[in-house]
Amino acid sequence: MANKVITRFAPSPTGYLHVGGARTALFSFLLARHFGGEFLLRIEDTDLARSTETAVHQLLDDLRWLGLNWDNTELVFQSKRLEIYNKIIDDLLKRGLAYKAYETDEELTAQRAVAEKAKRTYIYRRPQLTDDQLRAYESENRPHVVRFATPVKDYYFEDAVLGPGQGVNSTQVQDFVIRKSDGMPTYHFAVVVDDADAGITHVLRGQEHLLNTVNHIALQEALGYPRPIYAHLPVILNPQDGSKMSKRDRDKLIRQRAQNWLKTNKTSPQDLAAKTSLAVSQIEDWLKDTQKQLDIPEQQQVMSVIGLKNTDLPEILVHDFRKAGYLPEAMLNFLALLGWNPGGDRERMTTEQLIELFTIEGIGRSNAKFNREKLLAFNTEYAASTSAAHLVQAFKAYLAVNPESPLARASDEQLAKMLEMKKGFRLLRDVDESSRFLFMRDDEITYQPDAVEKVLKKSDNQGLTVLRDLRPILATLSTWNHATIESAINAYGAEKQLGLGKIAQPVRVAVSGGTISPPIFESLEFLGKENTLARIDRCLTPAL
Ligand code: GLU
């Protein structure tokens, strides 16, 4: 390629990075790296009401976690470039290529309603104001926006993924806003100026932006800017119902479960409302209107009533996947295959291989399915083939977003041990959850009632009897390691003619509170003699 390839990722900082955004960032990154070009990051924060600094930090953090490092040392924030935009807008106004428009929101809504009633698409056209009116509005400083006087003609362009013939014909062209009444440029305006300033050669973005490209092209022509190559990426779908994967999916699942809960418990929304701080009307509206969403604290309240855990919700945001314990390499590999393939049925690729193989031609037109089983399988494979040292680093990154885990206090050596004991795991969360008991104080262990019932008390307290017998045997061990523990337990099993399961399970319940743990002998070695005996004693106290 003659020119250096320059791509960019331009998120709006209104929340966490979702998988769609991450896929756009990845493809832009891969294309730039493939051609030895540049990958730039720009923060599109012209929506003052919705943009936050926290969201900027979260976005950067997620991108870094994925390893999608950008090349600009200084981040571009659109909110800091108002002077540049205003200069260009003022020039367009002077040249008559843009104009001030004075309609209020109510007037625009009324115009839209008229069009809707007449069953035609609403197209904004420049109102014919007299010079006197214009002078009067100007002198009274009437609130206004600035609109671009879009030249009326057909706008068709070739998309690098979707092919030629994208766009609209002259009847669909309208004058869009380029500066809002609060003085901020719109996305359409700022994106065009910034892409040109940065010399962006390829714009990769989601298909929801396809028709926005018409506005961008019209502006580029007026401003004498070159047109970058546009590549609009396939939509990402939920495989179960073919719906577009979206941040709303979590809310959707909570709604479905709440409806089931009401049915199973033969109860009413009033009852659900009473158990939360939400109003009955809000719960009712939310239950029947899929457009309505609860915010996160409200969701949490409903979830605790209906018994739904955070880990039951589908991961949508990159942050969700981080918290669940996916490895960034597995995630990247999986994201790369959402709408792109290198030809053949090759699937497992390192980032270096992705860079080598990535081309726009490999991006397909059809929607991409987000297959969670495949992602989980990727993660399992990556975890099994990653070096121990690297896994420890990944585990620490996982714990940084799960600071409530007692493993957050563990040393690197201890973490390595946990990873080793749980070899073959699917998610770092599995390692975390199954080994938490090893890092808790003895009195923090809570016993799962069904485990106590089934493993300790069933068949006339069989499990408790095992613990009572074993306690003195373990107490006399002078060397405490997995081999000495194993032979002591085996000897006891042989004497009593009990299989290992009948002994290991009660011990497991005694030390962990439940029935799942890493290999038991290693676990006991790690826990130490004193704590093991203390936990057995707790079980043998009559209160249990
Ligand atoms: N800020 C826009 C978004 O987050 C960027 C769209 C574009 O890449 O042009 O969707």
# chains A, B, ... in the order shown; residues from 1 in each chain; ligands from 1
>>> residues_near_ligand(ligand="ligand 1", cutoff="10 Å", atoms="only C-alpha atoms and all ligand atoms", output="VMD selection string")
chain A and resid 7 to 14 17 20 to 21 24 to 25 42 to 47 187 to 188 190 to 192 195 203 to 210 212 to 213 216 230 232
>>> select_by_dssp(residues="region 165-360 of chain A", states="helix (DSSP H, G or I)", output="NGL selection string")
:A and (170-172 or 187-197 or 207-209 or 212-223 or 249-264 or 269-274 or 280-288 or 296-306 or 310-312 or 318-324 or 328-336 or 351-357 or 360)
>>> residues_around(residues="region 481-494 of chain A", least_positions_apart="2", cutoff="8 Å", atoms="only C-alpha atoms", output="list of chain:residue names")
A:Leu470, A:Ile473, A:Leu474, A:Leu477, A:Thr479, A:Lys496, A:Gln497, A:Leu498, A:Gly499, A:Leu500, A:Ile503, A:Phe521, A:Glu522, A:Leu524, A:Glu525
>>> residues_around(residues="Lys100 (chain A)", least_positions_apart="2", cutoff="9 Å", atoms="only C-alpha atoms", output="number ranges by chain")
A: 93, 98, 102, 144-148
>>> write_last_selection(atoms="C-alpha atoms", output="compact mmCIF listing (two decimals), in the first residue's frame")
# COMPACT_ATOMS: atom_id res chain seq x y z
CA LEU A 93 -21.61 29.73 7.93
CA ALA A 98 -24.28 26.00 6.87
CA TYR A 102 -34.09 28.22 15.28
CA HIS A 144 -30.23 27.86 17.76
CA VAL A 145 -28.32 24.99 16.30
CA VAL A 146 -26.16 25.11 13.19
CA ARG A 147 -27.16 22.85 10.33
CA PHE A 148 -25.17 21.82 7.32
>>> closest_residue(among="A:Met184, A:Leu278, A:Val305, A:Leu419", to="Leu262 (chain A)", atoms="only C-alpha atoms")
A:Val305
>>> closest_residue(among="A:Ala383, A:Ala258, A:Leu335, A:Leu48", to="Lys80 (chain A)", atoms="only C-alpha atoms")
A:Leu48
>>> closest_residue(among="A:Asp295, A:Val431, A:Val177, A:Pro185", to="Glu83 (chain A)", atoms="only C-alpha atoms")
A:Pro185
